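Enquirer: Structure file my_file.csv, CSV, C-alpha atoms, is pasted below:
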```
chain,number,residue,atom,x,y,z
S,1,MET,CA,-84.0,4.7,29.2
S,2,ARG,CA,-83.1,8.0,27.6
S,3,TYR,CA,-85.9,10.4,26.6
S,4,VAL,CA,-85.7,13.5,24.5
S,5,ALA,CA,-88.1,16.2,25.7
S,6,ARG,CA,-89.1,19.5,23.9
S,7,VAL,CA,-90.7,22.3,26.0
S,8,GLU,CA,-92.1,25.5,24.6
S,9,VAL,CA,-92.2,28.5,27.0
S,10,SER,CA,-94.2,31.6,26.0
S,11,LEU,CA,-95.3,34.8,27.7
S,12,LYS,CA,-98.9,34.7,28.8
S,13,PRO,CA,-101.4,36.2,26.3
S,14,GLY,CA,-102.1,39.8,27.2
S,15,LEU,CA,-98.6,40.5,28.5
S,16,LEU,CA,-96.7,42.9,26.3
S,17,ASP,CA,-93.9,41.2,24.4
S,18,PRO,CA,-91.4,43.8,23.3
S,19,GLN,CA,-89.4,41.3,21.3
S,20,GLY,CA,-92.5,40.3,19.3
S,21,LYS,CA,-93.3,43.9,18.7
S,22,ALA,CA,-89.8,44.7,17.4
S,23,ILE,CA,-90.0,41.8,15.0
S,24,GLU,CA,-93.5,42.8,13.9
S,25,GLY,CA,-92.3,46.3,13.3
S,26,SER,CA,-89.5,45.1,11.1
S,27,LEU,CA,-91.4,42.7,8.8
S,28,PRO,CA,-93.2,45.4,6.7
S,29,ALA,CA,-89.8,46.8,5.7
S,30,LEU,CA,-89.1,43.4,4.1
S,31,GLY,CA,-92.4,43.5,2.2
S,32,TRP,CA,-94.5,41.5,4.6
S,33,SER,CA,-97.2,43.8,5.7
S,34,ASN,CA,-99.8,41.2,6.5
S,35,VAL,CA,-98.3,40.0,9.8
S,36,SER,CA,-99.7,40.7,13.2
S,37,ASP,CA,-99.5,39.3,16.8
S,38,VAL,CA,-95.9,38.2,16.7
S,39,ARG,CA,-94.9,36.6,20.0
S,40,VAL,CA,-91.4,35.4,20.9
S,41,GLY,CA,-90.9,32.4,23.3
S,42,LYS,CA,-88.3,29.9,24.2
S,43,TYR,CA,-87.7,26.4,23.1
S,44,VAL,CA,-85.9,24.0,25.6
S,45,ARG,CA,-84.7,20.6,24.6
S,46,LEU,CA,-83.7,18.2,27.3
S,47,VAL,CA,-82.5,14.6,27.5
S,48,VAL,CA,-83.8,12.7,30.6
S,49,ASP,CA,-82.7,9.4,32.0
S,50,ALA,CA,-85.8,7.8,33.5
S,51,THR,CA,-87.3,4.4,34.1
S,52,ASP,CA,-90.2,4.9,31.6
S,53,LEU,CA,-92.0,7.5,29.5
S,54,GLU,CA,-94.5,8.4,32.3
S,55,ALA,CA,-91.7,9.1,34.8
S,56,ALA,CA,-89.9,11.2,32.2
S,57,THR,CA,-93.0,13.1,31.3
S,58,THR,CA,-93.8,13.8,35.0
S,59,GLN,CA,-90.3,15.0,35.6
S,60,VAL,CA,-90.3,17.3,32.6
S,61,GLY,CA,-93.6,18.8,33.8
S,62,ASP,CA,-92.2,19.5,37.3
S,63,MET,CA,-89.0,21.0,35.8
S,64,SER,CA,-91.1,23.2,33.5
S,65,ARG,CA,-93.1,24.6,36.4
S,66,ARG,CA,-90.2,25.0,38.8
S,67,LEU,CA,-87.4,26.4,36.6
S,68,LEU,CA,-88.0,26.4,32.9
S,69,SER,CA,-91.0,28.8,33.2
S,70,ASN,CA,-92.2,31.4,35.7
S,71,PRO,CA,-96.0,30.6,36.0
S,72,VAL,CA,-96.7,34.2,37.0
S,73,ILE,CA,-95.8,35.4,33.5
S,74,GLU,CA,-95.3,32.4,31.3
S,75,ASP,CA,-97.0,29.2,30.0
S,76,ALA,CA,-94.9,26.1,29.5
S,77,VAL,CA,-96.2,23.4,27.1
S,78,ILE,CA,-94.5,20.0,26.7
S,79,ARG,CA,-94.4,19.5,22.9
S,80,GLU,CA,-92.9,16.1,23.0
S,81,VAL,CA,-91.3,13.4,25.2
S,82,VAL,CA,-89.9,10.5,23.1
S,83,GLU,CA,-87.6,7.6,23.6
S,84,ASP,CA,-84.1,8.4,22.4
S,85,ALA,CA,-83.7,5.1,20.6
S,86,VAL,CA,-81.1,6.2,18.2
S,87,GLY,CA,-79.0,8.2,20.5
S,88,ASN,CA,-79.9,11.6,19.2
S,89,GLY,CA,-79.8,13.0,22.7
S,90,ARG,CA,-76.1,12.5,22.8
S,91,ALA,CA,-75.5,15.0,20.1
D,1,MET,CA,-82.0,51.9,72.1
D,2,THR,CA,-78.8,50.1,71.5
D,3,ALA,CA,-75.3,51.5,70.7
D,4,ARG,CA,-74.6,48.5,68.4
D,5,ALA,CA,-74.3,49.3,64.7
D,6,PRO,CA,-76.8,47.3,62.6
D,7,ARG,CA,-75.2,44.5,60.6
D,8,VAL,CA,-76.5,44.4,57.0
D,9,GLY,CA,-75.5,41.5,54.8
D,10,VAL,CA,-75.0,42.1,51.1
D,11,VAL,CA,-75.1,39.0,48.9
D,12,THR,CA,-72.8,38.7,45.9
D,13,PHE,CA,-73.9,36.4,43.1
D,14,PRO,CA,-71.9,35.7,40.0
D,15,GLY,CA,-72.8,38.7,37.9
D,16,SER,CA,-73.8,41.0,40.8
D,17,LEU,CA,-72.6,44.6,40.1
D,18,ASP,CA,-74.0,46.8,42.8
D,19,ASP,CA,-72.9,44.8,45.8
D,20,ARG,CA,-70.0,47.2,46.5
D,21,ASP,CA,-72.2,50.3,46.3
D,22,ALA,CA,-74.6,48.7,48.6
D,23,VAL,CA,-71.8,47.9,51.1
D,24,ARG,CA,-70.6,51.5,50.8
D,25,ALA,CA,-74.1,52.9,51.4
D,26,VAL,CA,-74.6,50.8,54.5
D,27,ARG,CA,-71.2,52.0,55.9
D,28,ALA,CA,-71.9,55.7,54.9
D,29,MET,CA,-75.2,55.6,56.8
D,30,GLY,CA,-73.6,54.2,59.9
D,31,GLY,CA,-74.2,50.4,59.6
D,32,GLU,CA,-71.8,47.5,59.6
D,33,ALA,CA,-71.7,45.9,56.2
D,34,VAL,CA,-71.3,42.1,56.0
D,35,PRO,CA,-70.3,40.9,52.5
D,36,LEU,CA,-72.0,37.5,51.8
D,37,TRP,CA,-71.3,34.9,49.1
D,38,HIS,CA,-74.1,33.2,47.2
D,39,GLY,CA,-72.5,29.8,47.5
D,40,GLU,CA,-72.5,29.8,51.3
D,41,ARG,CA,-75.4,28.8,53.6
D,42,ASP,CA,-74.5,31.5,56.1
D,43,LEU,CA,-75.8,35.0,56.6
D,44,GLY,CA,-72.9,36.0,58.9
D,45,GLY,CA,-75.1,37.0,61.8
D,46,ALA,CA,-76.7,39.8,59.7
D,47,ASP,CA,-79.6,41.8,61.1
D,48,ALA,CA,-80.9,42.5,57.6
D,49,VAL,CA,-79.9,41.3,54.1
D,50,ILE,CA,-79.7,43.1,50.8
D,51,LEU,CA,-79.8,41.3,47.4
D,52,PRO,CA,-78.1,43.9,45.2
D,53,GLY,CA,-78.5,44.8,41.5
D,54,GLY,CA,-76.6,43.4,38.6
D,55,PHE,CA,-77.0,40.5,36.2
D,56,SER,CA,-76.8,37.3,38.3
D,57,TYR,CA,-75.9,34.3,36.1
D,58,GLY,CA,-76.0,36.6,33.1
D,59,ASP,CA,-79.8,36.9,33.3
D,60,TYR,CA,-79.9,33.4,31.7
D,61,LEU,CA,-83.4,31.9,31.3
D,62,ARG,CA,-85.1,34.8,33.1
D,63,THR,CA,-83.7,37.5,35.4
D,64,GLY,CA,-83.2,36.0,38.8
D,65,ALA,CA,-84.3,32.5,37.7
D,66,ILE,CA,-81.0,30.8,38.5
D,67,ALA,CA,-80.0,32.9,41.4
D,68,ARG,CA,-83.1,31.9,43.4
D,69,PHE,CA,-81.7,28.4,43.7
D,70,ALA,CA,-78.3,29.5,45.1
D,71,PRO,CA,-77.4,27.9,48.4
D,72,VAL,CA,-77.6,31.2,50.3
D,73,MET,CA,-81.3,31.5,49.3
D,74,GLU,CA,-82.3,28.7,51.6
D,75,GLU,CA,-80.9,30.6,54.5
D,76,LEU,CA,-82.5,33.8,53.2
D,77,ARG,CA,-85.9,32.2,53.0
D,78,ALA,CA,-85.7,31.1,56.6
D,79,PHE,CA,-84.4,34.5,57.6
D,80,ALA,CA,-87.4,36.1,55.8
D,81,ASP,CA,-89.9,33.6,57.3
D,82,ALA,CA,-88.5,34.7,60.7
D,83,GLY,CA,-89.6,38.2,60.0
D,84,ARG,CA,-86.1,39.7,59.5
D,85,PRO,CA,-85.7,42.6,57.0
D,86,VAL,CA,-84.8,41.6,53.4
D,87,VAL,CA,-84.3,44.1,50.6
D,88,GLY,CA,-84.0,43.3,46.9
D,89,ILE,CA,-82.7,46.1,44.6
D,90,CYS,CA,-83.2,45.7,40.8
D,91,ASN,CA,-81.8,42.2,40.1
D,92,GLY,CA,-82.4,41.5,43.8
D,93,PHE,CA,-86.0,42.4,43.3
D,94,GLN,CA,-86.2,40.1,40.3
D,95,ILE,CA,-84.7,37.3,42.4
D,96,LEU,CA,-87.2,37.8,45.2
D,97,CYS,CA,-90.1,37.6,42.8
D,98,GLU,CA,-88.7,34.5,41.2
D,99,ALA,CA,-88.3,33.0,44.6
D,100,SER,CA,-92.0,33.8,45.4
D,101,LEU,CA,-90.9,35.9,48.4
D,102,LEU,CA,-92.6,38.8,46.7
D,103,PRO,CA,-95.7,38.9,44.5
D,104,GLY,CA,-95.6,39.6,40.7
D,105,ALA,CA,-92.8,39.4,38.2
D,106,LEU,CA,-90.6,41.8,36.1
D,107,ILE,CA,-90.5,41.6,32.4
D,108,ARG,CA,-88.9,43.6,29.6
D,109,ASN,CA,-89.5,47.4,29.7
D,110,ALA,CA,-92.6,48.4,27.7
D,111,GLY,CA,-90.5,50.9,25.8
D,112,ARG,CA,-88.2,48.1,24.5
D,113,ARG,CA,-85.2,50.1,25.7
D,114,PHE,CA,-82.8,49.8,28.6
D,115,VAL,CA,-83.5,52.9,30.8
D,116,CYS,CA,-80.8,54.7,32.8
D,117,ARG,CA,-82.0,57.9,34.4
D,118,TRP,CA,-83.1,59.6,37.6
D,119,VAL,CA,-86.7,59.0,38.6
D,120,ASP,CA,-88.9,60.2,41.4
D,121,VAL,CA,-90.7,57.6,43.5
D,122,ARG,CA,-93.6,58.2,45.9
D,123,VAL,CA,-93.7,56.4,49.2
D,124,GLU,CA,-97.0,54.5,49.5
D,125,THR,CA,-96.6,52.9,52.9
D,126,SER,CA,-94.4,53.1,55.9
D,127,LEU,CA,-94.8,49.4,56.4
D,128,SER,CA,-91.6,48.1,54.9
D,129,PRO,CA,-87.9,48.0,55.9
D,130,LEU,CA,-87.1,50.8,53.5
D,131,THR,CA,-89.9,53.1,54.4
D,132,ALA,CA,-90.2,52.7,58.2
D,133,GLY,CA,-90.6,56.2,59.6
D,134,LEU,CA,-91.3,57.8,56.3
D,135,VAL,CA,-94.7,59.3,55.5
D,136,ALA,CA,-96.9,58.1,52.6
D,137,GLY,CA,-96.8,60.7,49.9
D,138,GLU,CA,-93.1,61.6,50.4
D,139,VAL,CA,-91.2,61.8,47.1
D,140,LEU,CA,-87.6,60.5,46.8
D,141,ARG,CA,-85.2,60.9,43.8
D,142,VAL,CA,-83.2,57.8,42.9
D,143,PRO,CA,-81.8,56.4,39.7
D,144,VAL,CA,-83.0,53.4,37.6
D,145,LYS,CA,-80.9,51.4,35.2
D,146,HIS,CA,-82.6,48.3,33.8
D,147,GLY,CA,-83.9,46.5,30.7
D,148,GLU,CA,-86.4,44.3,32.5
D,149,GLY,CA,-88.2,46.4,35.1
D,150,GLN,CA,-91.8,46.3,34.0
D,151,PHE,CA,-93.7,45.1,37.0
D,152,VAL,CA,-96.6,42.8,36.1
D,153,ALA,CA,-99.0,40.6,38.1
D,154,ARG,CA,-102.4,39.0,37.3
D,155,GLY,CA,-105.4,41.4,37.6
D,156,ASP,CA,-106.8,39.8,40.7
D,157,GLU,CA,-103.3,39.6,42.2
D,158,LEU,CA,-102.9,43.4,41.6
D,159,ASP,CA,-106.2,44.1,43.2
D,160,ARG,CA,-105.2,42.0,46.2
D,161,MET,CA,-101.8,43.9,46.4
D,162,GLU,CA,-103.5,47.3,46.3
D,163,GLY,CA,-106.1,46.2,48.8
D,164,ASP,CA,-103.5,44.9,51.2
D,165,GLY,CA,-101.2,47.9,50.8
D,166,LEU,CA,-98.3,45.9,49.3
D,167,VAL,CA,-97.3,48.6,46.9
D,168,VAL,CA,-94.3,50.5,48.6
D,169,PHE,CA,-93.2,52.9,45.8
D,170,ARG,CA,-94.7,54.3,42.6
D,171,TYR,CA,-93.0,56.2,39.8
D,172,CYS,CA,-94.2,59.8,39.9
D,173,ASP,CA,-93.3,63.4,39.1
D,174,PRO,CA,-91.3,65.6,41.6
D,175,ASP,CA,-94.6,66.6,43.2
D,176,GLY,CA,-95.8,63.0,43.6
D,177,ALA,CA,-98.3,63.1,40.7
D,178,LEU,CA,-98.6,59.9,38.6
D,179,GLY,CA,-98.5,59.9,34.8
D,180,ALA,CA,-97.3,57.6,32.0
D,181,GLU,CA,-94.5,60.0,31.2
D,182,HIS,CA,-93.0,59.4,34.7
D,183,ASN,CA,-93.2,55.6,34.4
D,184,PRO,CA,-89.9,54.5,32.9
D,185,ASN,CA,-90.8,50.9,32.1
D,186,GLY,CA,-94.5,50.7,31.8
D,187,SER,CA,-95.0,49.0,35.2
D,188,ALA,CA,-98.6,48.1,36.1
D,189,ALA,CA,-100.0,50.9,38.3
D,190,ALA,CA,-96.7,52.7,38.1
D,191,ILE,CA,-95.3,50.2,40.7
D,192,ALA,CA,-91.6,50.7,41.5
D,193,GLY,CA,-91.5,48.6,44.6
D,194,VAL,CA,-93.5,46.1,46.6
D,195,ARG,CA,-93.5,44.3,49.9
D,196,ASN,CA,-94.7,40.9,51.2
D,197,GLU,CA,-97.8,40.4,53.4
D,198,ALA,CA,-95.7,40.4,56.6
D,199,GLY,CA,-94.0,43.6,55.7
D,200,ASN,CA,-90.4,42.5,56.2
D,201,VAL,CA,-89.5,41.7,52.6
D,202,VAL,CA,-89.3,44.6,50.1
D,203,GLY,CA,-88.1,44.9,46.5
D,204,LEU,CA,-87.7,47.8,44.2
D,205,MET,CA,-86.2,48.5,40.7
D,206,PRO,CA,-84.6,51.9,41.5
D,207,HIS,CA,-81.2,52.0,43.2
D,208,PRO,CA,-81.1,53.8,46.6
D,209,GLU,CA,-77.5,52.7,47.1
D,210,HIS,CA,-76.5,55.0,44.2
D,211,ALA,CA,-78.2,58.0,45.8
D,212,ILE,CA,-76.4,58.4,49.1
D,213,ASP,CA,-73.4,60.7,48.5
D,214,PRO,CA,-74.4,64.4,48.0
D,215,ASP,CA,-71.2,64.9,46.0
D,216,LEU,CA,-72.6,62.6,43.4
D,217,GLY,CA,-76.2,63.9,43.0
D,218,PRO,CA,-79.6,63.5,44.6
D,219,THR,CA,-79.7,61.7,47.9
D,220,GLY,CA,-83.1,60.0,47.8
D,221,GLY,CA,-81.5,56.7,48.9
D,222,GLN,CA,-80.5,58.1,52.3
D,223,PRO,CA,-83.9,58.0,54.0
D,224,MET,CA,-84.3,54.4,52.6
D,225,PHE,CA,-81.0,53.2,54.1
D,226,ALA,CA,-81.7,55.0,57.3
D,227,ALA,CA,-85.1,53.2,57.5
D,228,LEU,CA,-83.3,49.9,56.8
D,229,LEU,CA,-80.7,50.4,59.5
D,230,GLN,CA,-83.5,51.3,62.0
D,231,SER,CA,-85.6,48.2,60.9
D,232,ALA,CA,-82.5,45.9,61.2
D,233,LEU,CA,-82.2,46.5,65.0
D,234,GLU,CA,-85.9,46.3,65.8
D,235,PRO,CA,-87.1,43.2,67.5
D,236,VAL,CA,-88.9,40.6,65.4
D,237,ALA,CA,-92.6,41.3,65.4
D,238,SER,CA,-94.3,39.0,67.7
D,239,GLY,CA,-96.2,36.2,66.0
D,240,ILE,CA,-94.0,36.1,62.9
D,241,ARG,CA,-91.3,34.0,64.5
```
Please lay out the structure from this file as structure tokens.

Expert:
Amino acid sequence: MRYVARVEVSLKPGLLDPQGKAIEGSLPALGWSNVSDVRVGKYVRLVVDATDLEAATTQVGDMSRRLLSNPVIEDAVIREVVEDAVGNGRA
Amino acid sequence: MTARAPRVGVVTFPGSLDDRDAVRAVRAMGGEAVPLWHGERDLGGADAVILPGGFSYGDYLRTGAIARFAPVMEELRAFADAGRPVVGICNGFQILCEASLLPGALIRNAGRRFVCRWVDVRVETSLSPLTAGLVAGEVLRVPVKHGEGQFVARGDELDRMEGDGLVVFRYCDPDGALGAEHNPNGSAAAIAGVRNEAGNVVGLMPHPEHAIDPDLGPTGGQPMFAALLQSALEPVASGIR
């Protein structure tokens, strides 16, 4: 089966995020002065061939820890692992 | 004493930039440089290995994140586990942290800018391949050039590193005094370089290989390369291998 997985990687809370700060500093110039705590992360989409959903989810978790994120500075959250019934993963 | 010149391997990854300067520095200081390729599982009989600066794999995903899985890294891990000297400079430091051969990690500079300038670093310990024979408190002038050099680690990890003397270099003024204005990237505790517990793996953001030739400026890199060449020929500490 093919599964589509979506993983979100973000800098751990408390670590300075210069990209977030830069965006936060630019928003008031566009008239939005009520925004704070902007954080920039990564979104990773993967298509996994696996025997079932559990195997796919386990593998995505392993990949998230070993490569997609650095656990010293980042948190990785699996947002979704779903069967790719209609072949979206091929796109 | 031996008359043999120490053999120092310099690994080239796709995107390495400072491999040639590292090779030149080894030769200028009297060592034999051994160019190594990331795709080969062979360290060419090197006595010590340098992972040089640059932008391996375009810094994709995270700095050093892809390079740490290069074939040569398996050999390098065994080499490090055997107690042999390993040095990571700039991107090489980032790779060693990603590979968990060194503690902590390097993130974007606190000032949000790429920094390219001379800095002074204070030697914190003589227990590393770059500082063997140097005295704690000694100040060396070397350049930095990086966008992601802010050293970070968890609070308890930082405490452990300080307690175990794992900090090798700190950014300082020419007299060795610390201060935020001398810290080019906002690194925790002004940390410019660290070592592992065994003391044979060291990484730093500044570039000693660019500070060798007196015709080109300060020569703070000379004592570091002299220490590396000396460390390369020392027998492996008993108990590590």

Enquirer: Could you tell me how far atom CA of Asp18 of chain D lies from atom CA of Phe55 of chain D, in Å and to one decimal?

Expert: 9.6 Å

Enquirer: Select, as a list in words, those residues of chain D with any atom no more than 7 Å from chain S (distances computed using all atoms listed in the file).

Expert: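 The complete set of qualifying residues is Ala65, Gly104, Ala105, Arg108, Ala110, Arg112 and Ala153 of chain D.
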
Enquirer: Would you mind telling me which residue in D:Val139, D:Leu233, D:Val202, D:Val8 lies nearest to Asp173 of chain D when using all atoms listed in the file?

Expert: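 Comparing D:Val139, D:Leu233, D:Val202, D:Val8 against Asp173 of chain D, the winner is D:Val139.
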
Enquirer: What's the separation between atom CA of Glu54 of chain S and atom CA of Val40 of chain S, in Å to one decimal place?

Expert: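 For atom CA of Glu54 of chain S relative to atom CA of Val40 of chain S, the distance reads 29.5 Å.
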
Enquirer: Find the residues near Gly61 of chain S: any atom within 10 Å, counting only C-alpha atoms, skip ones fewer than 5 places away on the same chain, and give them as a count of residues only.

Expert: 8

Enquirer: For Asp19 of chain D, which of D:Pro35, D:Gly186, D:Gly44, D:Gly58 is the closest residue, counting all atoms listed in the file?

Expert: D:Pro35

Enquirer: Record the distance separating atom CA of Gly137 of chain D and atom CA of Asp175 of chain D, expressed in Å with one decimal.

Expert: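 These atoms are spaced 9.2 Å apart.
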
Enquirer: Hey, what's within 8 Å of segment 74-89 of chain D if we count all atoms listed in the file and toss same-chain stuff fewer than 5 positions away? As a PyMOL selection string, please?

Expert: chain D and resi 41-43+47-53+69+94-96+101+129-130+198+200-207+228+231-232+236-237+240-241

Enquirer: Would you pick out the contacts of Glu162 of chain D at 12 Å or less, using all atoms listed in the file, so that residues sharing its chain but fewer than 3 positions from it are not included, and give the list as number ranges by chain?

Expert: D: 103, 124-125, 153, 155-159, 165-170, 188-191, 194-197

Enquirer: Which polymer residues have any atom within 7 Å of an atom of Tyr57 of chain D, counting all atoms listed in the file, with same-chain residues fewer than 5 positions away left out, as a ChimeraX atom specification?

Expert: /D:14-15,66-67

Enquirer: Nearest to Pro13 of chain S: which of S:Asn34, S:Tyr43, S:Glu74, S:Ala29 is it, counting all atoms listed in the file?

Expert: S:Glu74

Enquirer: Gln222 of chain D: which residues within 9 Å, counting all atoms listed in the file, same-chain residues fewer than 4 positions away excluded, as a list of chain:residue names?

Expert: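 So, after excluding close chain neighbours, the residues are D:Ala25, D:Met29, D:Pro208, D:Glu209, D:Ala211, D:Ile212, D:Asp213, D:Ala226, D:Ala227.
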
Enquirer: Given the choices S:Asp75, S:Asp37, S:Glu8, S:Asp84, which gets closest to Glu24 of chain S if the distance is worked out from all atoms listed in the file?

Expert: S:Asp37

Enquirer: Restricting the calculation to all atoms listed in the file: of D:Leu127, D:Ala180, D:Leu61, D:Met161, which residue gets closest to Val44 of chain S?

Expert: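 Result for the nearest residue to Val44 of chain S: D:Leu61.
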
Enquirer: Counting only C-alpha atoms, which residues have an atom no more than 12 Å from (-68.6, 48.5, 49.1) in the file's coordinates? Please list them as a ChimeraX atom specification.

Expert: /D:8-12,17-28,32-36,52,209-210

Enquirer: From the set D:Ser16, D:Ser100, D:Ser56, D:Gln230, which residue has the shortest atom-to-atom contact distance to Ala132 of chain D, counting only C-alpha atoms?

Expert: D:Gln230
